[in-house]
Structure formats: structure tokens, C-alpha cells
Amino acid sequence: MIAEPNDDGLVQSVVPEQGPTVLRIALGGQLRKLRESCNITREAAGDAIRGSHAKISRLELGRTGFKERDIRDLLTLYGVSDPVERERFLALARQANEPGWWHRYSDLLPSWFGTYLGLEQAANKIRTYEAHLVPGLLQTPEYARAVLSLGNDNADTERRVAVRQRRQEILHRTDPPIVWAVIDEAALHRPVGGPQVHREQMEHLIALAGLPNVTLQVLPYSAGEHAAAGSSFSILRFAQPELPDIVYLEHLTSALYLDRRQDLALYLSVMDRLSVQALPPQKSVEMLASYAEGLVTTTGQH
């Protein structure tokens with residue numbers, strides 16, 4: 001269960017479990033609120049758990065796991081003495097330390113991407129702009145295989161494809177997130193995996209656009225210059241009010257997670273402008289169908 005403060009500022013379990021990443025963020029946020037309500041500095045809190053202010057910062061941001069001894073010491077420092085409340089915190093910490101389904105692929109996935117998977121699984125709204133490829137959440141297995149085989153050991157490709165397919169299960173669960181994707185027209189021109197694979201990917205996008213929780217838009221060349229300037233990014237929003245929106249920017253060997261108010265405002269503004277410049281959903285589907293039809297012709301000529 002995810003914790004939320006009651007009238008006394010203490011924790012009560014009110015929201016169904018959403019995965020360890022969000023649980024860590026939620027618990028970290030509650031610990032930060034307790035510390036601030038007591039006017040205790042990060043340095044003092046760090047001393048209480050034989051650590052540093054940087055460790056407290058990582059705990060409060062949900063960037064690391066929790067040791068029960070540290071939680072007990074912090075609760076004592078923050079004046080939480082009620083046994084029931086203490087146990088709720090500790091139970092939440094134990095749940096937050098449970099590995100997600102992606103843990104079995106930890107030998108393939110960098111830690112920064114494992115964090116993203118946890119956030120993606122827990123988000124209730126995902127807005128994404130992709131400049132060069134179809135977003136991973138919307139890829140067919142064949143398209144994903146062609147993308148993932150580049151620069152990777154072929155022996156691991158199938159497991160990487162399996163991760164991508166497992167991610168996509170959120171689109172069809174009983175409480176799916178709202179997914180709103182803007183795809184640059186450049187991605188439609190790039191025949192990843194060859195004409196047949198690319199055509200099937202276009203048809204898959206058309207099918208996904210028919211889901212009530214999925215909105216697809218194509219940003220056409222005719223839109224001219226745009227605010228994203230070729231930089232792909234995603235914005236994740238969560239049902240829990242204590243969790244901030246997060247902007248995710250992926251690089252070749254690392255990723256950035258932005259949650260500062262000014263960063264969020266900038267990226268939300270950019271995403272809104274992209275959505276206005278992009279073709280409406282129905283026109284976007286028509287463009288996808290046109291590309292798929294052209295690829296049928298191309299395939300038939302070989």
C-alpha cells in the first residue's frame with residue numbers, strides 16, 4: 001500500500017500497491033515531510049542514521065532502498081512513537097524493497113532504466129514525444145527486435161524484446177494509463193527491420209490508436225520548426241498527489257529525471273505546443289494508413 005498522511009501527519013495505507021519504485025518515492029516523501037515538520041536538517045538526520053545529508057536526500061527522493069534500522073532511527077528522531085504508525089512505515093519500507101518484475105533482467109538493464117520501468121508501470125498518464133523511432137511502449141516485437149539488435153549482443157536480444165513486451169502489458173490492464181504519443185514523421189520514413197516489419201508496425205500503431213486510453217499524433221514535416229528540436233522525452237504523471245510529475249530524458253549511457261517545477265513547466269509547455277502542431281488523431285491515423293499502404297506496394301515489388 002502507498003502511504004498518505006492523515007490529519008496528524010502520520011502515515012495510513014490508502015492506495016493499492018503500485019510497485020516498488022513508487023512506494024520508495026512515496027515513503028521518501030513522507031519521511032521528508034516529517035523531517036521538515038520537526039525543523040530537522042538533512043545533516044542532523046544523516047547523523048542519526050550514521051550517514052550523510054546526501055544519503056538522506058537519496059532516501060527522500062526514493063532513489064535507494066531502505067534499511068529498517070535507518071527507518072526506526074529516523075522515526076524516533078522525528079517523534080513518531082506510536083507502535084502502529086511505526087509498523088506501517090516499516091511495512092511500507094519492506095514492500096518498497098521488493099524487486100519489480102524487471103529485476104530478473106538486471107543483468108541487461110542499466111539501473112537508470114530500471115528506475116524508469118518502475119515509474120512507467122505506476123504512472124496513470126504517459127505523454128511522450130519521439131523524434132526518430134516508434135516509442136518502445138508501442139513497438140511490435142519484430143520492430144523492437146530490429147532496434148534492439150543494433151549495438152547489442154544477439155544472444156541477449158530476445159530477452160530485451162521480452163522486457164519491451166512485458167512493459168506493454170500496462171496498455172491492456174484493467175486500469176491502463178492514458179498514453180498520449182506524438183511521433184515525428186521522420187520515424188515513419190525510417191524502415192526499421194525492412195518494409196514488411198515497418199508496415200506491420202504502422203498497422204500496429206493504427207490498432208493501438210483504437211484503444212480508448214491511447215492517443216497518437218504524427219508531427220508532420222509541414223509543421224516546420226518546433227520546440228522539441230529533435231529531443232525525445234516523456235512526461236509521467238501519477239494518481240498519488242504526493243508524487244510529482246517526472247520528465248524522462250534518455251541518452252546512450254544515462255538518463256535524466258527532472259521534477260523541478262520550472263523544468264516540468266517547460267516540458268509541459270513544449271509537449272502542449274507539439275500536440276497543437278501535430279496532426280489531429282484521426283488525420284494521424286490516416287497518415288499511418290497511407291504509409292502502410294505504400295509499404296504494401298513496396299513489399300510486393302520485392
# chains A, B, ... in the order shown; residues from 1 in each chain; ligands from 1
>>> residues_around(residues="Trp112 in chain A", least_positions_apart="3", cutoff="8 Å", atoms="only C-alpha atoms", output="MDAnalysis selection string")
chainID A and resid 115:116 254:255
>>> residues_around(residues="range 34-48 of chain A", least_positions_apart="3", cutoff="10 Å", atoms="only C-alpha atoms", output="PyMOL selection string")
chain A and resi 5+9-10+28-31+51-57+60+70+73-80
>>> residues_around(residues="range 196-208 of chain A", least_positions_apart="3", cutoff="7 Å", atoms="only C-alpha atoms", output="PyMOL selection string")
chain A and resi 138-140+142-143+191-193+211+214+285+288+292+295-296+299
>>> write_last_selection(atoms="all heavy atoms", output="compact mmCIF listing (two decimals), in the first residue's frame")
# COMPACT_ATOMS: atom_id res chain seq x y z
N LEU A 138 5.07 1.18 -27.81
CA LEU A 138 4.13 0.95 -28.91
C LEU A 138 4.74 0.09 -30.02
O LEU A 138 4.15 -0.05 -31.09
CB LEU A 138 3.69 2.30 -29.50
CG LEU A 138 3.17 3.34 -28.51
CD1 LEU A 138 2.86 4.65 -29.23
CD2 LEU A 138 1.95 2.84 -27.76
N GLN A 139 5.89 -0.50 -29.77
CA GLN A 139 6.59 -1.26 -30.81
C GLN A 139 6.09 -2.69 -30.91
O GLN A 139 5.76 -3.32 -29.90
CB GLN A 139 8.09 -1.27 -30.53
CG GLN A 139 8.76 0.07 -30.67
CD GLN A 139 10.24 0.03 -30.31
OE1 GLN A 139 10.78 -1.04 -30.01
NE2 GLN A 139 10.89 1.18 -30.34
N THR A 140 6.07 -3.23 -32.14
CA THR A 140 5.82 -4.66 -32.33
C THR A 140 7.08 -5.43 -31.93
O THR A 140 8.18 -4.86 -31.90
CB THR A 140 5.50 -4.98 -33.80
OG1 THR A 140 6.68 -4.71 -34.59
CG2 THR A 140 4.33 -4.17 -34.32
N GLU A 142 8.76 -7.53 -33.66
CA GLU A 142 9.71 -7.55 -34.79
C GLU A 142 10.43 -6.21 -34.92
O GLU A 142 11.63 -6.16 -35.17
CB GLU A 142 8.99 -7.91 -36.09
CG GLU A 142 8.45 -9.33 -36.14
CD GLU A 142 7.19 -9.51 -35.30
OE1 GLU A 142 6.56 -8.47 -34.94
OE2 GLU A 142 6.86 -10.67 -34.97
N TYR A 143 9.70 -5.12 -34.78
CA TYR A 143 10.30 -3.79 -34.84
C TYR A 143 11.28 -3.63 -33.67
O TYR A 143 12.41 -3.15 -33.85
CB TYR A 143 9.19 -2.74 -34.78
CG TYR A 143 9.63 -1.31 -34.97
CD1 TYR A 143 9.49 -0.69 -36.21
CD2 TYR A 143 10.14 -0.55 -33.92
CE1 TYR A 143 9.87 0.64 -36.40
CE2 TYR A 143 10.52 0.77 -34.09
CZ TYR A 143 10.39 1.37 -35.33
OH TYR A 143 10.76 2.68 -35.50
N PRO A 191 12.59 2.83 -42.34
CA PRO A 191 12.08 1.45 -42.44
C PRO A 191 12.85 0.47 -41.55
O PRO A 191 13.61 -0.38 -42.04
CB PRO A 191 12.25 1.13 -43.92
CG PRO A 191 13.45 1.92 -44.32
CD PRO A 191 13.40 3.20 -43.51
N VAL A 192 12.67 0.58 -40.28
CA VAL A 192 13.36 -0.30 -39.33
C VAL A 192 12.94 -1.75 -39.56
O VAL A 192 11.75 -2.06 -39.59
CB VAL A 192 13.03 0.12 -37.88
CG1 VAL A 192 13.62 -0.87 -36.89
CG2 VAL A 192 13.54 1.53 -37.60
N GLY A 193 13.92 -2.61 -39.77
CA GLY A 193 13.63 -4.02 -39.98
C GLY A 193 13.19 -4.37 -41.39
O GLY A 193 12.85 -5.52 -41.67
N LEU A 211 -7.57 2.04 -29.13
CA LEU A 211 -7.81 1.82 -27.70
C LEU A 211 -8.28 3.12 -27.06
O LEU A 211 -7.79 4.21 -27.40
CB LEU A 211 -6.52 1.34 -27.02
CG LEU A 211 -5.96 -0.01 -27.45
CD1 LEU A 211 -4.62 -0.28 -26.75
CD2 LEU A 211 -6.95 -1.13 -27.14
N VAL A 214 -5.41 5.31 -25.54
CA VAL A 214 -4.25 5.66 -26.35
C VAL A 214 -4.61 6.74 -27.37
O VAL A 214 -5.58 6.60 -28.11
CB VAL A 214 -3.67 4.43 -27.08
CG1 VAL A 214 -2.52 4.84 -28.00
CG2 VAL A 214 -3.20 3.38 -26.07
N VAL A 285 -3.97 8.95 -37.94
CA VAL A 285 -4.25 7.56 -38.32
C VAL A 285 -4.32 7.43 -39.84
O VAL A 285 -3.82 6.45 -40.42
CB VAL A 285 -5.56 7.08 -37.66
CG1 VAL A 285 -6.02 5.75 -38.27
CG2 VAL A 285 -5.38 6.94 -36.15
N LEU A 288 -0.81 7.31 -41.10
CA LEU A 288 -0.23 5.99 -40.83
C LEU A 288 -0.74 4.96 -41.83
O LEU A 288 0.02 4.13 -42.34
CB LEU A 288 -0.57 5.56 -39.40
CG LEU A 288 0.12 6.32 -38.27
CD1 LEU A 288 -0.52 5.96 -36.93
CD2 LEU A 288 1.61 6.02 -38.23
N ALA A 292 1.37 2.76 -44.48
CA ALA A 292 1.25 1.30 -44.51
C ALA A 292 0.88 0.80 -45.89
O ALA A 292 1.42 -0.19 -46.38
CB ALA A 292 0.22 0.84 -43.47
N LEU A 295 3.80 0.92 -48.11
CA LEU A 295 4.76 -0.14 -47.80
C LEU A 295 4.28 -1.48 -48.32
O LEU A 295 5.08 -2.35 -48.65
CB LEU A 295 4.97 -0.21 -46.28
CG LEU A 295 5.79 0.95 -45.73
CD1 LEU A 295 5.66 1.03 -44.20
CD2 LEU A 295 7.27 0.78 -46.11
N VAL A 296 2.96 -1.68 -48.43
CA VAL A 296 2.41 -2.90 -49.04
C VAL A 296 2.87 -2.97 -50.49
O VAL A 296 3.32 -4.00 -50.99
CB VAL A 296 0.87 -2.93 -48.96
CG1 VAL A 296 0.32 -4.05 -49.82
CG2 VAL A 296 0.43 -3.13 -47.51
N THR A 299 6.59 -3.71 -50.59
CA THR A 299 6.86 -5.10 -50.26
C THR A 299 6.53 -6.00 -51.43
O THR A 299 7.23 -6.95 -51.75
CB THR A 299 6.07 -5.52 -49.02
OG1 THR A 299 6.37 -4.63 -47.96
CG2 THR A 299 6.42 -6.95 -48.61
>>> closest_residue(among="A:Leu216, A:Ala228, A:Ala181, A:Leu266", to="Pro281 in chain A", atoms="only C-alpha atoms")
A:Leu216
>>> closest_residue(among="A:Pro110, A:Gly65, A:Pro141, A:Pro177", to="Glu250 in chain A", atoms="only C-alpha atoms")
A:Pro110
>>> closest_residue(among="A:Thr21, A:Ser222, A:Ser231, A:Glu185", to="His103 in chain A", atoms="only C-alpha atoms")
A:Thr21
>>> atom_distance(atom1="CA of Asp263 in chain A", atom2="CA of Val247 in chain A")
8.0 Å
>>> closest_residue(among="A:Leu148, A:Leu133, A:Ile170, A:Leu119", to="Arg63 in chain A", atoms="only C-alpha atoms")
A:Leu119
>>> residues_around(residues="Arg261 in chain A", least_positions_apart="2", cutoff="12 Å", atoms="only C-alpha atoms", output="number ranges by chain")
A: 244-247, 258-259, 263-268
>>> atom_distance(atom1="CA of Ala278 in chain A", atom2="CA of Ile126 in chain A")
17.2 Å
>>> select_by_dssp(residues="range 27-260 of chain A", states="helix (DSSP H, G or I)", output="PyMOL selection string")
chain A and resi 27-37+42-48+53-60+68-77+83-96+101-105+111-122+136-138+141-148+154-172+185-189+195-208+221-223
>>> select_by_dssp(residues="range 25-149 of chain A", states="strand (DSSP E or B)", output="list in words")
Lys125, Ile126, Arg127, Thr128, Tyr129 and Glu130 of chain A
>>> write_last_selection(atoms="N, CA, C and O atoms", output="short mmCIF file (atom, residue, chain, number, x, y, z; two decimals), in the first residue's frame")
data_model
loop_
_atom_site.label_atom_id
_atom_site.label_comp_id
_atom_site.auth_asym_id
_atom_site.auth_seq_id
_atom_site.Cartn_x
_atom_site.Cartn_y
_atom_site.Cartn_z
N LYS A 125 -0.69 8.49 -16.36
CA LYS A 125 -0.69 9.23 -17.62
C LYS A 125 0.73 9.33 -18.13
O LYS A 125 1.64 9.73 -17.39
N ILE A 126 0.94 8.96 -19.38
CA ILE A 126 2.26 9.00 -20.01
C ILE A 126 2.15 9.79 -21.30
O ILE A 126 1.41 9.40 -22.21
N ARG A 127 2.84 10.92 -21.37
CA ARG A 127 2.90 11.70 -22.60
C ARG A 127 4.32 11.60 -23.14
O ARG A 127 5.28 11.79 -22.38
N THR A 128 4.46 11.29 -24.40
CA THR A 128 5.79 11.08 -24.95
C THR A 128 5.92 11.69 -26.33
O THR A 128 4.96 11.70 -27.11
N TYR A 129 7.09 12.23 -26.61
CA TYR A 129 7.43 12.70 -27.95
C TYR A 129 8.64 11.91 -28.41
O TYR A 129 9.65 11.83 -27.69
N GLU A 130 8.55 11.31 -29.59
CA GLU A 130 9.65 10.53 -30.13
C GLU A 130 10.03 11.08 -31.50
O GLU A 130 9.19 11.18 -32.39
#
>>> residues_around(residues="Pro176 in chain A", least_positions_apart="2", cutoff="10 Å", atoms="only C-alpha atoms", output="MDAnalysis selection string")
chainID A and resid 121:125 169:174 178:179 212:214
>>> write_last_selection(atoms="all heavy atoms", output="short mmCIF file (atom, residue, chain, number, x, y, z; two decimals), in the first residue's frame")
data_model
loop_
_atom_site.label_atom_id
_atom_site.label_comp_id
_atom_site.auth_asym_id
_atom_site.auth_seq_id
_atom_site.Cartn_x
_atom_site.Cartn_y
_atom_site.Cartn_z
N GLN A 121 5.41 1.75 -14.97
CA GLN A 121 4.41 0.79 -14.52
C GLN A 121 3.40 1.43 -13.58
O GLN A 121 2.26 0.96 -13.47
CB GLN A 121 5.09 -0.39 -13.82
CG GLN A 121 5.97 -1.25 -14.72
CD GLN A 121 5.16 -2.04 -15.72
OE1 GLN A 121 4.27 -2.82 -15.35
NE2 GLN A 121 5.45 -1.87 -16.99
N ALA A 122 3.81 2.48 -12.88
CA ALA A 122 2.95 3.09 -11.87
C ALA A 122 2.22 4.33 -12.36
O ALA A 122 1.28 4.80 -11.71
CB ALA A 122 3.77 3.45 -10.64
N ALA A 123 2.64 4.88 -13.50
CA ALA A 123 2.04 6.13 -13.98
C ALA A 123 0.60 5.92 -14.41
O ALA A 123 0.22 4.85 -14.89
CB ALA A 123 2.86 6.66 -15.16
N ASN A 124 -0.22 6.97 -14.23
CA ASN A 124 -1.59 6.89 -14.74
C ASN A 124 -1.75 7.75 -16.00
O ASN A 124 -2.80 7.72 -16.63
CB ASN A 124 -2.60 7.29 -13.67
CG ASN A 124 -2.58 8.77 -13.35
OD1 ASN A 124 -1.57 9.46 -13.58
ND2 ASN A 124 -3.68 9.27 -12.82
N LYS A 125 -0.69 8.49 -16.36
CA LYS A 125 -0.69 9.23 -17.62
C LYS A 125 0.73 9.33 -18.13
O LYS A 125 1.64 9.73 -17.39
CB LYS A 125 -1.30 10.62 -17.46
CG LYS A 125 -1.48 11.36 -18.79
CD LYS A 125 -2.28 12.65 -18.62
CE LYS A 125 -2.58 13.30 -19.96
NZ LYS A 125 -3.38 14.54 -19.81
N GLU A 169 2.26 -4.56 -21.41
CA GLU A 169 1.06 -5.13 -20.79
C GLU A 169 0.23 -4.06 -20.09
O GLU A 169 -0.98 -4.22 -19.90
CB GLU A 169 1.47 -6.22 -19.79
CG GLU A 169 2.04 -7.47 -20.47
CD GLU A 169 2.45 -8.54 -19.47
OE1 GLU A 169 2.19 -8.33 -18.25
OE2 GLU A 169 3.02 -9.56 -19.88
N ILE A 170 0.86 -2.95 -19.69
CA ILE A 170 0.09 -1.91 -19.00
C ILE A 170 -0.97 -1.30 -19.90
O ILE A 170 -1.97 -0.76 -19.41
CB ILE A 170 1.00 -0.80 -18.44
CG1 ILE A 170 1.71 -0.05 -19.57
CG2 ILE A 170 2.00 -1.35 -17.44
CD1 ILE A 170 2.49 1.17 -19.08
N LEU A 171 -0.79 -1.38 -21.21
CA LEU A 171 -1.76 -0.79 -22.14
C LEU A 171 -3.10 -1.53 -22.11
O LEU A 171 -4.13 -0.96 -22.47
CB LEU A 171 -1.22 -0.82 -23.57
CG LEU A 171 0.06 -0.02 -23.84
CD1 LEU A 171 0.51 -0.23 -25.28
CD2 LEU A 171 -0.16 1.46 -23.55
N HIS A 172 -3.08 -2.78 -21.66
CA HIS A 172 -4.28 -3.62 -21.75
C HIS A 172 -4.78 -4.09 -20.39
O HIS A 172 -5.68 -4.92 -20.32
CB HIS A 172 -3.98 -4.84 -22.64
CG HIS A 172 -3.45 -4.48 -23.99
ND1 HIS A 172 -4.25 -4.01 -25.01
CD2 HIS A 172 -2.18 -4.50 -24.49
CE1 HIS A 172 -3.51 -3.76 -26.08
NE2 HIS A 172 -2.26 -4.05 -25.80
N ARG A 173 -4.21 -3.56 -19.31
CA ARG A 173 -4.67 -3.99 -18.00
C ARG A 173 -6.02 -3.33 -17.68
O ARG A 173 -6.51 -2.49 -18.43
CB ARG A 173 -3.64 -3.67 -16.93
CG ARG A 173 -3.44 -2.20 -16.66
CD ARG A 173 -2.23 -1.95 -15.75
NE ARG A 173 -2.13 -0.54 -15.40
CZ ARG A 173 -1.05 0.01 -14.85
NH1 ARG A 173 0.00 -0.74 -14.59
NH2 ARG A 173 -1.05 1.30 -14.54
N THR A 174 -6.62 -3.72 -16.58
CA THR A 174 -7.96 -3.22 -16.26
C THR A 174 -7.97 -1.74 -15.92
O THR A 174 -8.98 -1.06 -16.09
CB THR A 174 -8.56 -4.02 -15.08
OG1 THR A 174 -7.65 -3.96 -13.96
CG2 THR A 174 -8.78 -5.48 -15.46
N ILE A 178 -3.33 6.47 -19.31
CA ILE A 178 -3.58 7.22 -20.53
C ILE A 178 -2.24 7.44 -21.22
O ILE A 178 -1.30 7.95 -20.59
CB ILE A 178 -4.25 8.57 -20.22
CG1 ILE A 178 -5.66 8.34 -19.63
CG2 ILE A 178 -4.32 9.46 -21.46
CD1 ILE A 178 -6.30 9.60 -19.09
N VAL A 179 -2.13 7.03 -22.45
CA VAL A 179 -0.89 7.20 -23.22
C VAL A 179 -1.16 8.13 -24.38
O VAL A 179 -2.06 7.88 -25.19
CB VAL A 179 -0.35 5.85 -23.73
CG1 VAL A 179 0.89 6.05 -24.61
CG2 VAL A 179 -0.02 4.92 -22.55
N PRO A 212 -9.21 3.03 -26.12
CA PRO A 212 -9.73 4.26 -25.50
C PRO A 212 -8.70 5.03 -24.69
O PRO A 212 -8.88 6.23 -24.44
CB PRO A 212 -10.87 3.74 -24.62
CG PRO A 212 -10.55 2.30 -24.37
CD PRO A 212 -9.87 1.81 -25.61
N ASN A 213 -7.64 4.37 -24.26
CA ASN A 213 -6.64 5.02 -23.42
C ASN A 213 -5.40 5.46 -24.20
O ASN A 213 -4.43 5.94 -23.61
CB ASN A 213 -6.18 4.08 -22.29
CG ASN A 213 -5.64 2.76 -22.80
OD1 ASN A 213 -6.31 2.05 -23.55
ND2 ASN A 213 -4.43 2.40 -22.41
N VAL A 214 -5.41 5.31 -25.54
CA VAL A 214 -4.25 5.66 -26.35
C VAL A 214 -4.61 6.74 -27.37
O VAL A 214 -5.58 6.60 -28.11
CB VAL A 214 -3.67 4.43 -27.08
CG1 VAL A 214 -2.52 4.84 -28.00
CG2 VAL A 214 -3.20 3.38 -26.07
#
>>> residues_around(residues="Val276 in chain A", least_positions_apart="5", cutoff="12 Å", atoms="only C-alpha atoms", output="list in words")
Val182, Gln217, Val218, Leu219, Pro220, Ala223, His226, Ala227, Ser269, Val270, Met271 and Pro281 of chain A
>>> write_last_selection(atoms="N, CA, C and O atoms", output="tab-separated table (two decimals), in the first residue's frame")
chain	number	residue	atom	x	y	z
A	182	VAL	N	3.20	11.62	-29.37
A	182	VAL	CA	3.43	12.40	-30.58
A	182	VAL	C	4.68	11.85	-31.25
A	182	VAL	O	5.75	11.81	-30.63
A	217	GLN	N	-0.55	10.98	-32.31
A	217	GLN	CA	-0.48	12.10	-33.24
A	217	GLN	C	0.84	12.04	-33.99
A	217	GLN	O	1.87	11.69	-33.40
A	218	VAL	N	0.79	12.39	-35.26
A	218	VAL	CA	2.01	12.49	-36.07
A	218	VAL	C	2.35	13.96	-36.24
A	218	VAL	O	1.49	14.77	-36.59
A	219	LEU	N	3.61	14.29	-35.96
A	219	LEU	CA	4.09	15.65	-36.20
A	219	LEU	C	4.67	15.69	-37.61
A	219	LEU	O	5.75	15.17	-37.86
A	220	PRO	N	3.97	16.30	-38.57
A	220	PRO	CA	4.40	16.23	-39.97
A	220	PRO	C	5.54	17.20	-40.27
A	220	PRO	O	5.75	18.18	-39.55
A	223	ALA	N	4.83	20.89	-40.43
A	223	ALA	CA	4.72	21.72	-39.22
A	223	ALA	C	5.92	22.66	-39.08
A	223	ALA	O	5.87	23.63	-38.32
A	226	HIS	N	9.95	23.25	-34.58
A	226	HIS	CA	9.14	23.01	-33.38
A	226	HIS	C	10.02	23.07	-32.14
A	226	HIS	O	11.25	23.00	-32.23
A	227	ALA	N	9.37	23.18	-30.99
A	227	ALA	CA	10.07	23.46	-29.74
A	227	ALA	C	10.97	22.32	-29.27
A	227	ALA	O	11.95	22.56	-28.55
A	269	SER	N	4.88	22.70	-21.43
A	269	SER	CA	4.59	23.70	-22.44
A	269	SER	C	5.03	23.22	-23.82
A	269	SER	O	4.30	23.38	-24.81
A	270	VAL	N	6.21	22.62	-23.90
A	270	VAL	CA	6.70	22.09	-25.17
A	270	VAL	C	5.78	20.99	-25.68
A	270	VAL	O	5.41	20.95	-26.87
A	271	MET	N	5.38	20.08	-24.79
A	271	MET	CA	4.50	18.99	-25.20
A	271	MET	C	3.16	19.53	-25.69
A	271	MET	O	2.60	19.03	-26.69
A	281	PRO	N	-5.65	13.38	-34.08
A	281	PRO	CA	-5.57	11.92	-34.05
A	281	PRO	C	-6.12	11.22	-35.29
A	281	PRO	O	-5.48	10.30	-35.83
>>> atom_distance(atom1="CA of Tyr248 in chain A", atom2="CA of Phe233 in chain A")
5.7 Å
>>> decode(residues="range 145-170 of chain A", atoms="N, CA and C atoms", output="PDB file, in the first residue's frame")
ATOM      1  N   ARG A 145      12.827  -5.953 -32.069  1.00  0.00           N
ATOM      2  CA  ARG A 145      13.983  -6.820 -32.292  1.00  0.00           C
ATOM      3  C   ARG A 145      14.991  -6.147 -33.213  1.00  0.00           C
ATOM      4  N   ALA A 146      14.503  -5.500 -34.252  1.00  0.00           N
ATOM      5  CA  ALA A 146      15.400  -4.809 -35.186  1.00  0.00           C
ATOM      6  C   ALA A 146      16.118  -3.649 -34.496  1.00  0.00           C
ATOM      7  N   VAL A 147      15.400  -2.908 -33.650  1.00  0.00           N
ATOM      8  CA  VAL A 147      16.015  -1.790 -32.934  1.00  0.00           C
ATOM      9  C   VAL A 147      17.030  -2.283 -31.915  1.00  0.00           C
ATOM     10  N   LEU A 148      16.651  -3.295 -31.147  1.00  0.00           N
ATOM     11  CA  LEU A 148      17.475  -3.743 -30.030  1.00  0.00           C
ATOM     12  C   LEU A 148      18.686  -4.554 -30.464  1.00  0.00           C
ATOM     13  N   SER A 149      18.654  -5.100 -31.670  1.00  0.00           N
ATOM     14  CA  SER A 149      19.797  -5.882 -32.141  1.00  0.00           C
ATOM     15  C   SER A 149      20.962  -4.995 -32.539  1.00  0.00           C
ATOM     16  N   LEU A 150      20.710  -3.704 -32.706  1.00  0.00           N
ATOM     17  CA  LEU A 150      21.773  -2.772 -33.066  1.00  0.00           C
ATOM     18  C   LEU A 150      22.631  -2.471 -31.845  1.00  0.00           C
ATOM     19  N   GLY A 151      23.885  -2.809 -31.935  1.00  0.00           N
ATOM     20  CA  GLY A 151      24.811  -2.480 -30.857  1.00  0.00           C
ATOM     21  C   GLY A 151      24.709  -3.365 -29.640  1.00  0.00           C
ATOM     22  N   ASN A 152      23.940  -4.471 -29.716  1.00  0.00           N
ATOM     23  CA  ASN A 152      23.814  -5.375 -28.578  1.00  0.00           C
ATOM     24  C   ASN A 152      24.183  -6.792 -28.985  1.00  0.00           C
ATOM     25  N   ASP A 153      24.545  -7.590 -27.994  1.00  0.00           N
ATOM     26  CA  ASP A 153      24.842  -8.992 -28.222  1.00  0.00           C
ATOM     27  C   ASP A 153      23.567  -9.695 -28.670  1.00  0.00           C
ATOM     28  N   ASN A 154      23.616 -10.374 -29.803  1.00  0.00           N
ATOM     29  CA  ASN A 154      22.425 -11.049 -30.325  1.00  0.00           C
ATOM     30  C   ASN A 154      21.848 -12.059 -29.345  1.00  0.00           C
ATOM     31  N   ALA A 155      22.703 -12.632 -28.490  1.00  0.00           N
ATOM     32  CA  ALA A 155      22.225 -13.625 -27.525  1.00  0.00           C
ATOM     33  C   ALA A 155      21.259 -13.002 -26.523  1.00  0.00           C
ATOM     34  N   ASP A 156      21.363 -11.687 -26.323  1.00  0.00           N
ATOM     35  CA  ASP A 156      20.506 -11.008 -25.350  1.00  0.00           C
ATOM     36  C   ASP A 156      19.287 -10.345 -25.990  1.00  0.00           C
ATOM     37  N   THR A 157      19.250 -10.321 -27.310  1.00  0.00           N
ATOM     38  CA  THR A 157      18.193  -9.577 -27.986  1.00  0.00           C
ATOM     39  C   THR A 157      16.809 -10.069 -27.609  1.00  0.00           C
ATOM     40  N   GLU A 158      16.614 -11.383 -27.569  1.00  0.00           N
ATOM     41  CA  GLU A 158      15.276 -11.922 -27.279  1.00  0.00           C
ATOM     42  C   GLU A 158      14.818 -11.549 -25.876  1.00  0.00           C
ATOM     43  N   ARG A 159      15.732 -11.540 -24.922  1.00  0.00           N
ATOM     44  CA  ARG A 159      15.353 -11.138 -23.565  1.00  0.00           C
ATOM     45  C   ARG A 159      15.016  -9.652 -23.524  1.00  0.00           C
ATOM     46  N   ARG A 160      15.721  -8.850 -24.305  1.00  0.00           N
ATOM     47  CA  ARG A 160      15.420  -7.426 -24.362  1.00  0.00           C
ATOM     48  C   ARG A 160      14.041  -7.197 -24.985  1.00  0.00           C
ATOM     49  N   VAL A 161      13.734  -7.985 -26.006  1.00  0.00           N
ATOM     50  CA  VAL A 161      12.408  -7.903 -26.618  1.00  0.00           C
ATOM     51  C   VAL A 161      11.340  -8.309 -25.600  1.00  0.00           C
ATOM     52  N   ALA A 162      11.652  -9.326 -24.793  1.00  0.00           N
ATOM     53  CA  ALA A 162      10.699  -9.780 -23.769  1.00  0.00           C
ATOM     54  C   ALA A 162      10.409  -8.680 -22.755  1.00  0.00           C
ATOM     55  N   VAL A 163      11.435  -7.910 -22.390  1.00  0.00           N
ATOM     56  CA  VAL A 163      11.229  -6.782 -21.476  1.00  0.00           C
ATOM     57  C   VAL A 163      10.278  -5.773 -22.098  1.00  0.00           C
ATOM     58  N   ARG A 164      10.493  -5.478 -23.375  1.00  0.00           N
ATOM     59  CA  ARG A 164       9.660  -4.480 -24.057  1.00  0.00           C
ATOM     60  C   ARG A 164       8.209  -4.959 -24.129  1.00  0.00           C
ATOM     61  N   GLN A 165       8.016  -6.244 -24.397  1.00  0.00           N
ATOM     62  CA  GLN A 165       6.648  -6.779 -24.462  1.00  0.00           C
ATOM     63  C   GLN A 165       5.997  -6.764 -23.091  1.00  0.00           C
ATOM     64  N   ARG A 166       6.776  -7.067 -22.063  1.00  0.00           N
ATOM     65  CA  ARG A 166       6.225  -7.047 -20.706  1.00  0.00           C
ATOM     66  C   ARG A 166       5.807  -5.629 -20.333  1.00  0.00           C
ATOM     67  N   ARG A 167       6.601  -4.642 -20.723  1.00  0.00           N
ATOM     68  CA  ARG A 167       6.234  -3.245 -20.459  1.00  0.00           C
ATOM     69  C   ARG A 167       4.864  -2.924 -21.041  1.00  0.00           C
ATOM     70  N   GLN A 168       4.611  -3.442 -22.232  1.00  0.00           N
ATOM     71  CA  GLN A 168       3.412  -3.076 -22.970  1.00  0.00           C
ATOM     72  C   GLN A 168       2.129  -3.652 -22.375  1.00  0.00           C
ATOM     73  N   GLU A 169       2.256  -4.555 -21.411  1.00  0.00           N
ATOM     74  CA  GLU A 169       1.064  -5.131 -20.786  1.00  0.00           C
ATOM     75  C   GLU A 169       0.232  -4.059 -20.087  1.00  0.00           C
ATOM     76  N   ILE A 170       0.860  -2.947 -19.688  1.00  0.00           N
ATOM     77  CA  ILE A 170       0.087  -1.908 -18.995  1.00  0.00           C
ATOM     78  C   ILE A 170      -0.974  -1.297 -19.899  1.00  0.00           C
TER      79      ILE A 170
END
